[in-house]
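Engineer: Got start_28.pdb for you, PDB, C-alpha atoms:
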```
ATOM      1  CA  MET U   1     -22.705 -52.289   1.479  1.00  0.00           C
ATOM      2  CA  ARG U   2     -21.402 -55.028   3.783  1.00  0.00           C
ATOM      3  CA  LEU U   3     -22.299 -56.741   7.048  1.00  0.00           C
ATOM      4  CA  ALA U   4     -19.590 -57.420   9.639  1.00  0.00           C
ATOM      5  CA  LEU U   5     -19.617 -59.437  12.854  1.00  0.00           C
ATOM      6  CA  HIS U   6     -17.099 -58.763  15.626  1.00  0.00           C
ATOM      7  CA  GLN U   7     -16.079 -61.990  17.382  1.00  0.00           C
ATOM      8  CA  PRO U   8     -19.511 -63.649  17.376  1.00  0.00           C
ATOM      9  CA  ASP U   9     -20.245 -66.225  20.098  1.00  0.00           C
ATOM     10  CA  GLN U  10     -23.043 -68.321  18.623  1.00  0.00           C
ATOM     11  CA  ALA U  11     -22.696 -70.427  15.494  1.00  0.00           C
ATOM     12  CA  GLY U  12     -26.445 -70.469  14.883  1.00  0.00           C
ATOM     13  CA  ASN U  13     -26.588 -66.679  14.673  1.00  0.00           C
ATOM     14  CA  VAL U  14     -23.659 -66.565  12.258  1.00  0.00           C
ATOM     15  CA  GLY U  15     -25.277 -69.230  10.071  1.00  0.00           C
ATOM     16  CA  THR U  16     -28.527 -67.266  10.033  1.00  0.00           C
ATOM     17  CA  ILE U  17     -26.677 -64.069   9.114  1.00  0.00           C
ATOM     18  CA  MET U  18     -24.807 -65.918   6.346  1.00  0.00           C
ATOM     19  CA  ARG U  19     -28.198 -66.914   4.949  1.00  0.00           C
ATOM     20  CA  LEU U  20     -29.429 -63.316   5.278  1.00  0.00           C
ATOM     21  CA  ALA U  21     -26.338 -62.002   3.482  1.00  0.00           C
ATOM     22  CA  ALA U  22     -26.731 -64.535   0.664  1.00  0.00           C
ATOM     23  CA  CYS U  23     -30.423 -63.735   0.190  1.00  0.00           C
ATOM     24  CA  LEU U  24     -29.802 -59.979   0.083  1.00  0.00           C
ATOM     25  CA  GLY U  25     -26.605 -60.203  -1.986  1.00  0.00           C
ATOM     26  CA  VAL U  26     -24.512 -58.519   0.705  1.00  0.00           C
ATOM     27  CA  PRO U  27     -20.936 -59.585   1.562  1.00  0.00           C
ATOM     28  CA  LEU U  28     -20.282 -60.654   5.163  1.00  0.00           C
ATOM     29  CA  ASP U  29     -17.085 -60.094   7.154  1.00  0.00           C
ATOM     30  CA  VAL U  30     -16.447 -62.236  10.243  1.00  0.00           C
ATOM     31  CA  ILE U  31     -13.836 -60.851  12.620  1.00  0.00           C
ATOM     32  CA  GLU U  32     -12.280 -63.656  14.637  1.00  0.00           C
ATOM     33  CA  PRO U  33     -11.792 -65.219  17.041  1.00  0.00           C
ATOM     34  CA  CYS U  34     -15.285 -66.691  17.145  1.00  0.00           C
ATOM     35  CA  GLY U  35     -16.693 -68.368  20.241  1.00  0.00           C
ATOM     36  CA  PHE U  36     -17.160 -71.650  18.340  1.00  0.00           C
ATOM     37  CA  PRO U  37     -15.253 -73.782  15.826  1.00  0.00           C
ATOM     38  CA  TRP U  38     -15.877 -72.478  12.280  1.00  0.00           C
ATOM     39  CA  GLY U  39     -17.200 -75.826  10.998  1.00  0.00           C
ATOM     40  CA  ASP U  40     -19.683 -76.103  13.885  1.00  0.00           C
ATOM     41  CA  ARG U  41     -22.828 -78.129  13.149  1.00  0.00           C
ATOM     42  CA  ALA U  42     -25.078 -75.249  14.272  1.00  0.00           C
ATOM     43  CA  LEU U  43     -23.393 -72.948  11.741  1.00  0.00           C
ATOM     44  CA  ARG U  44     -24.086 -75.403   8.919  1.00  0.00           C
ATOM     45  CA  ARG U  45     -27.651 -76.094  10.086  1.00  0.00           C
ATOM     46  CA  ALA U  46     -28.608 -72.399  10.333  1.00  0.00           C
ATOM     47  CA  GLY U  47     -26.806 -71.415   7.133  1.00  0.00           C
ATOM     48  CA  MET U  48     -28.276 -74.360   5.218  1.00  0.00           C
ATOM     49  CA  ASP U  49     -27.202 -74.439   1.581  1.00  0.00           C
ATOM     50  CA  TYR U  50     -27.057 -70.618   1.578  1.00  0.00           C
ATOM     51  CA  ALA U  51     -23.701 -70.775   3.340  1.00  0.00           C
ATOM     52  CA  GLU U  52     -22.250 -72.115   0.106  1.00  0.00           C
ATOM     53  CA  ILE U  53     -23.356 -69.055  -1.886  1.00  0.00           C
ATOM     54  CA  ALA U  54     -22.708 -66.432   0.790  1.00  0.00           C
ATOM     55  CA  ASN U  55     -19.769 -64.100   0.138  1.00  0.00           C
ATOM     56  CA  VAL U  56     -17.947 -64.468   3.484  1.00  0.00           C
ATOM     57  CA  THR U  57     -14.529 -63.082   4.362  1.00  0.00           C
ATOM     58  CA  ARG U  58     -12.945 -64.196   7.608  1.00  0.00           C
ATOM     59  CA  HIS U  59     -10.468 -61.840   9.307  1.00  0.00           C
ATOM     60  CA  ALA U  60      -7.987 -63.208  11.854  1.00  0.00           C
ATOM     61  CA  ASP U  61      -8.470 -60.183  14.143  1.00  0.00           C
ATOM     62  CA  TRP U  62      -9.728 -56.603  14.387  1.00  0.00           C
ATOM     63  CA  ALA U  63      -6.487 -55.061  13.079  1.00  0.00           C
ATOM     64  CA  ARG U  64      -6.616 -57.056   9.850  1.00  0.00           C
ATOM     65  CA  PHE U  65     -10.282 -56.202   9.328  1.00  0.00           C
ATOM     66  CA  ASP U  66      -9.707 -52.510  10.039  1.00  0.00           C
ATOM     67  CA  SER U  67      -6.734 -52.308   7.674  1.00  0.00           C
ATOM     68  CA  ALA U  68      -8.851 -53.719   4.825  1.00  0.00           C
ATOM     69  CA  LEU U  69     -11.868 -51.497   5.554  1.00  0.00           C
ATOM     70  CA  THR U  70     -13.178 -49.230   2.821  1.00  0.00           C
ATOM     71  CA  GLY U  71     -16.225 -47.056   3.346  1.00  0.00           C
ATOM     72  CA  ARG U  72     -17.731 -45.868   6.607  1.00  0.00           C
ATOM     73  CA  LEU U  73     -17.858 -48.112   9.647  1.00  0.00           C
ATOM     74  CA  VAL U  74     -21.396 -48.070  11.066  1.00  0.00           C
ATOM     75  CA  LEU U  75     -21.612 -49.719  14.477  1.00  0.00           C
ATOM     76  CA  PHE U  76     -24.953 -50.983  15.713  1.00  0.00           C
ATOM     77  CA  THR U  77     -24.950 -50.688  19.498  1.00  0.00           C
ATOM     78  CA  THR U  78     -27.404 -50.228  22.343  1.00  0.00           C
ATOM     79  CA  GLN U  79     -25.152 -47.351  23.512  1.00  0.00           C
ATOM     80  CA  ALA U  80     -25.653 -45.188  20.416  1.00  0.00           C
ATOM     81  CA  ALA U  81     -27.380 -41.818  20.491  1.00  0.00           C
ATOM     82  CA  VAL U  82     -28.520 -42.022  16.833  1.00  0.00           C
ATOM     83  CA  ARG U  83     -31.732 -44.014  16.474  1.00  0.00           C
ATOM     84  CA  LEU U  84     -32.154 -46.149  13.344  1.00  0.00           C
ATOM     85  CA  PRO U  85     -34.972 -43.980  11.910  1.00  0.00           C
ATOM     86  CA  GLU U  86     -32.662 -40.924  12.016  1.00  0.00           C
ATOM     87  CA  ALA U  87     -29.535 -42.665  10.648  1.00  0.00           C
ATOM     88  CA  ARG U  88     -28.541 -41.949   7.050  1.00  0.00           C
ATOM     89  CA  PHE U  89     -26.709 -44.717   5.221  1.00  0.00           C
ATOM     90  CA  GLU U  90     -24.358 -44.670   2.240  1.00  0.00           C
ATOM     91  CA  SER U  91     -23.844 -47.399  -0.354  1.00  0.00           C
ATOM     92  CA  LYS U  92     -20.262 -48.181   0.778  1.00  0.00           C
ATOM     93  CA  ASP U  93     -21.123 -48.525   4.488  1.00  0.00           C
ATOM     94  CA  VAL U  94     -19.974 -51.528   6.519  1.00  0.00           C
ATOM     95  CA  LEU U  95     -22.566 -52.355   9.175  1.00  0.00           C
ATOM     96  CA  LEU U  96     -20.806 -53.829  12.226  1.00  0.00           C
ATOM     97  CA  PHE U  97     -22.479 -55.881  14.954  1.00  0.00           C
ATOM     98  CA  GLY U  98     -20.736 -56.946  18.167  1.00  0.00           C
ATOM     99  CA  SER U  99     -20.656 -60.323  19.848  1.00  0.00           C
ATOM    100  CA  GLU U 100     -23.721 -61.582  21.652  1.00  0.00           C
ATOM    101  CA  SER U 101     -22.020 -61.594  25.056  1.00  0.00           C
ATOM    102  CA  ALA U 102     -19.702 -58.570  24.978  1.00  0.00           C
ATOM    103  CA  GLY U 103     -20.584 -56.252  22.101  1.00  0.00           C
ATOM    104  CA  VAL U 104     -17.386 -54.544  20.931  1.00  0.00           C
ATOM    105  CA  PRO U 105     -14.453 -53.012  22.844  1.00  0.00           C
ATOM    106  CA  GLU U 106     -14.323 -49.265  23.504  1.00  0.00           C
ATOM    107  CA  ALA U 107     -11.631 -48.802  20.826  1.00  0.00           C
ATOM    108  CA  VAL U 108     -14.061 -50.146  18.209  1.00  0.00           C
ATOM    109  CA  HIS U 109     -16.760 -47.751  19.463  1.00  0.00           C
ATOM    110  CA  GLU U 110     -14.296 -44.894  19.019  1.00  0.00           C
ATOM    111  CA  ARG U 111     -13.272 -46.089  15.536  1.00  0.00           C
ATOM    112  CA  ALA U 112     -16.871 -46.134  14.240  1.00  0.00           C
ATOM    113  CA  ASP U 113     -17.852 -43.338  11.878  1.00  0.00           C
ATOM    114  CA  LEU U 114     -21.487 -43.672  12.932  1.00  0.00           C
ATOM    115  CA  ARG U 115     -23.108 -45.451  15.887  1.00  0.00           C
ATOM    116  CA  VAL U 116     -26.728 -46.534  15.472  1.00  0.00           C
ATOM    117  CA  ARG U 117     -29.276 -47.903  17.920  1.00  0.00           C
ATOM    118  CA  ILE U 118     -32.359 -49.911  17.020  1.00  0.00           C
ATOM    119  CA  PRO U 119     -35.197 -48.505  19.169  1.00  0.00           C
ATOM    120  CA  GLN U 120     -36.728 -50.876  21.713  1.00  0.00           C
ATOM    121  CA  VAL U 121     -39.270 -50.582  24.472  1.00  0.00           C
ATOM    122  CA  GLN U 122     -37.942 -49.504  27.839  1.00  0.00           C
ATOM    123  CA  GLY U 123     -36.783 -52.311  30.096  1.00  0.00           C
ATOM    124  CA  THR U 124     -35.399 -54.547  27.327  1.00  0.00           C
ATOM    125  CA  ARG U 125     -31.641 -55.037  26.911  1.00  0.00           C
ATOM    126  CA  SER U 126     -30.989 -56.065  23.325  1.00  0.00           C
ATOM    127  CA  LEU U 127     -32.227 -57.923  20.279  1.00  0.00           C
ATOM    128  CA  ASN U 128     -30.897 -61.240  19.013  1.00  0.00           C
ATOM    129  CA  LEU U 129     -27.813 -60.645  16.836  1.00  0.00           C
ATOM    130  CA  ALA U 130     -29.343 -62.101  13.667  1.00  0.00           C
ATOM    131  CA  VAL U 131     -32.565 -60.132  14.172  1.00  0.00           C
ATOM    132  CA  ALA U 132     -30.627 -56.888  14.687  1.00  0.00           C
ATOM    133  CA  ALA U 133     -28.518 -57.556  11.586  1.00  0.00           C
ATOM    134  CA  GLY U 134     -31.666 -58.179   9.541  1.00  0.00           C
ATOM    135  CA  ILE U 135     -33.325 -54.977  10.730  1.00  0.00           C
ATOM    136  CA  GLY U 136     -30.173 -52.922  10.185  1.00  0.00           C
ATOM    137  CA  ILE U 137     -29.246 -54.180   6.722  1.00  0.00           C
ATOM    138  CA  ALA U 138     -32.830 -54.001   5.458  1.00  0.00           C
ATOM    139  CA  GLU U 139     -33.147 -50.339   6.426  1.00  0.00           C
ATOM    140  CA  ALA U 140     -29.701 -49.456   5.082  1.00  0.00           C
ATOM    141  CA  LEU U 141     -30.351 -51.170   1.728  1.00  0.00           C
ATOM    142  CA  ARG U 142     -33.815 -49.564   1.525  1.00  0.00           C
ATOM    143  CA  GLN U 143     -32.343 -46.108   2.026  1.00  0.00           C
ATOM    144  CA  VAL U 144     -29.752 -46.470  -0.713  1.00  0.00           C
ATOM    145  CA  GLY U 145     -32.166 -48.147  -3.134  1.00  0.00           C
ATOM    146  CA  ALA U 146     -30.297 -51.460  -3.097  1.00  0.00           C
ATOM    147  CA  LEU U 147     -32.904 -53.958  -1.903  1.00  0.00           C
ATOM    148  CA  PRO U 148     -33.023 -56.914  -4.314  1.00  0.00           C
TER     149      PRO U 148
END
```
What is this file in structure tokens?

Structural biologist:
Amino acid sequence: MRLALHQPDQAGNVGTIMRLAACLGVPLDVIEPCGFPWGDRALRRAGMDYAEIANVTRHADWARFDSALTGRLVLFTTQAAVRLPEARFESKDVLLFGSESAGVPEAVHERADLRVRIPQVQGTRSLNLAVAAGIGIAEALRQVGALP
């Protein structure tokens, strides 16, 4: 199982997700361009020393990421019909999260093998990217019996 971020905007969120990935033993793919310089201070501060042990692969663009993809692409999006409690995950899934400001383009929505929504109370727009990634990967790993 892998986490993937599509053109993230905020270095602090990416650093936090790098820490999450390191702690759960899950590889992380970052699809560029990012909305910040890769060596940004906020990235280092949020990732702490976990950034050094995180298994991170940076992809220059969507096409390069997609061409290297193995397993199902599971997109987490507020536009999905499948709620997280009803989603069924597989051990080779790649869980994709869009940028904080724009999500993912329509072509990425269409490419996804499964689109999942984390339930929220009515009237709220979306969760923080790092929070959503934590909720999504924890449930997916739990389902496949791969929590550390």

Engineer: Each residue of region 11-76 of chain U lying at most 7 Å from region 119-139 of chain U should get a row with its shortest atom-to-atom pair and the distance in Å to one decimal, counting only C-alpha atoms; could you produce that, ordered by chain and increasing number, as CSV?

Structural biologist:
```
residue,atom,partner,partner_atom,distance
U:Asn13,CA,U:Ala130,CA,5.4
U:Thr16,CA,U:Ala130,CA,6.4
U:Ile17,CA,U:Ala130,CA,5.6
```

Engineer: Which residues come within 10 Å of Phe89 (chain U), counting all atoms listed in the file, excluding same-chain residues fewer than 4 positions away, as a PyMOL selection string?

Structural biologist: chain U and resi 1+72+74+84+93-95+114+137+139-144

Engineer: Decode the PyMOL selection byres ((chain U and resi 8) around 8) for the given file into explicit residues and return them as a PDB file with C-alpha atoms, keeping the file's coordinate frame.

Structural biologist:
```pdb
ATOM      1  CA  LEU U   5     -19.617 -59.437  12.854  1.00  0.00           C
ATOM      2  CA  HIS U   6     -17.099 -58.763  15.626  1.00  0.00           C
ATOM      3  CA  GLN U   7     -16.079 -61.990  17.382  1.00  0.00           C
ATOM      4  CA  ASP U   9     -20.245 -66.225  20.098  1.00  0.00           C
ATOM      5  CA  GLN U  10     -23.043 -68.321  18.623  1.00  0.00           C
ATOM      6  CA  ALA U  11     -22.696 -70.427  15.494  1.00  0.00           C
ATOM      7  CA  VAL U  14     -23.659 -66.565  12.258  1.00  0.00           C
ATOM      8  CA  VAL U  30     -16.447 -62.236  10.243  1.00  0.00           C
ATOM      9  CA  ILE U  31     -13.836 -60.851  12.620  1.00  0.00           C
ATOM     10  CA  GLU U  32     -12.280 -63.656  14.637  1.00  0.00           C
ATOM     11  CA  PRO U  33     -11.792 -65.219  17.041  1.00  0.00           C
ATOM     12  CA  CYS U  34     -15.285 -66.691  17.145  1.00  0.00           C
ATOM     13  CA  GLY U  35     -16.693 -68.368  20.241  1.00  0.00           C
ATOM     14  CA  GLY U  98     -20.736 -56.946  18.167  1.00  0.00           C
ATOM     15  CA  SER U  99     -20.656 -60.323  19.848  1.00  0.00           C
ATOM     16  CA  GLU U 100     -23.721 -61.582  21.652  1.00  0.00           C
TER      17      GLU U 100
END
```

Engineer: When distances are computed from all atoms listed in the file, which of U:Gly15, U:Leu96, U:Arg64, U:Ser101 shows the smallest separation from Gly39 (chain U)?

Structural biologist: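 Smallest distance to Gly39 (chain U) is found for U:Gly15.
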
Engineer: Applying the PyMOL selection byres ((chain U and resi 51) around 8) to the file I just gave you, which residues come out? Please list them as a ChimeraX atom specification.

Structural biologist: /U:15,18-19,22,44,47-50,52-54

Engineer: Taking all atoms listed in the file into account, which of U:Leu3, U:Ala146, U:Cys23, U:Val108 comes nearest Thr57 (chain U)?

Structural biologist: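 Ranking U:Leu3, U:Ala146, U:Cys23, U:Val108 by distance to Thr57 (chain U), first place goes to U:Leu3.
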
Engineer: What gap, in Å, lies between CA of Ala21 (chain U) and CA of Asn55 (chain U)?

Structural biologist: 7.7 Å

Engineer: In Å, with one decimal, what is the gap from CA of His59 (chain U) to CA of His109 (chain U)?

Structural biologist: 18.5 Å

Engineer: So, with all atoms listed in the file as the atoms that count, which of U:Ile118, U:Ala42, U:Ala107, U:Ala68 lies closest to Glu86 (chain U)?

Structural biologist: U:Ile118

Engineer: Kindly indicate which residue among U:Val82, U:Leu147, U:Leu73, U:Ser91 lies nearest to Ala112 (chain U), using only C-alpha atoms for the distances.

Structural biologist: U:Leu73

Engineer: Give me, please, the distance in Å between CA of Gly71 (chain U) and CA of Arg2 (chain U), quoted to one decimal.

Structural biologist: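 Spanning CA of Gly71 (chain U) to CA of Arg2 (chain U) is a straight-line distance of 9.5 Å.
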
Engineer: Edge lengths and centre, in Å to one decimal, as JSON: that's what I need for the box along x, y and z that holds all listed atoms of region 132-142 of chain U plus 4 Å on each side.

Structural biologist:
```
{"center_x": -31.2, "center_y": -53.8, "center_z": 8.1, "size_x": 13.3, "size_y": 16.7, "size_z": 21.2}
```

Engineer: Between U:Arg117, U:Gly103, U:Ser67, U:Lys92, which has the minimum distance to Pro27 (chain U) (counting all atoms listed in the file)?

Structural biologist: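 Smallest distance to Pro27 (chain U) is found for U:Lys92.
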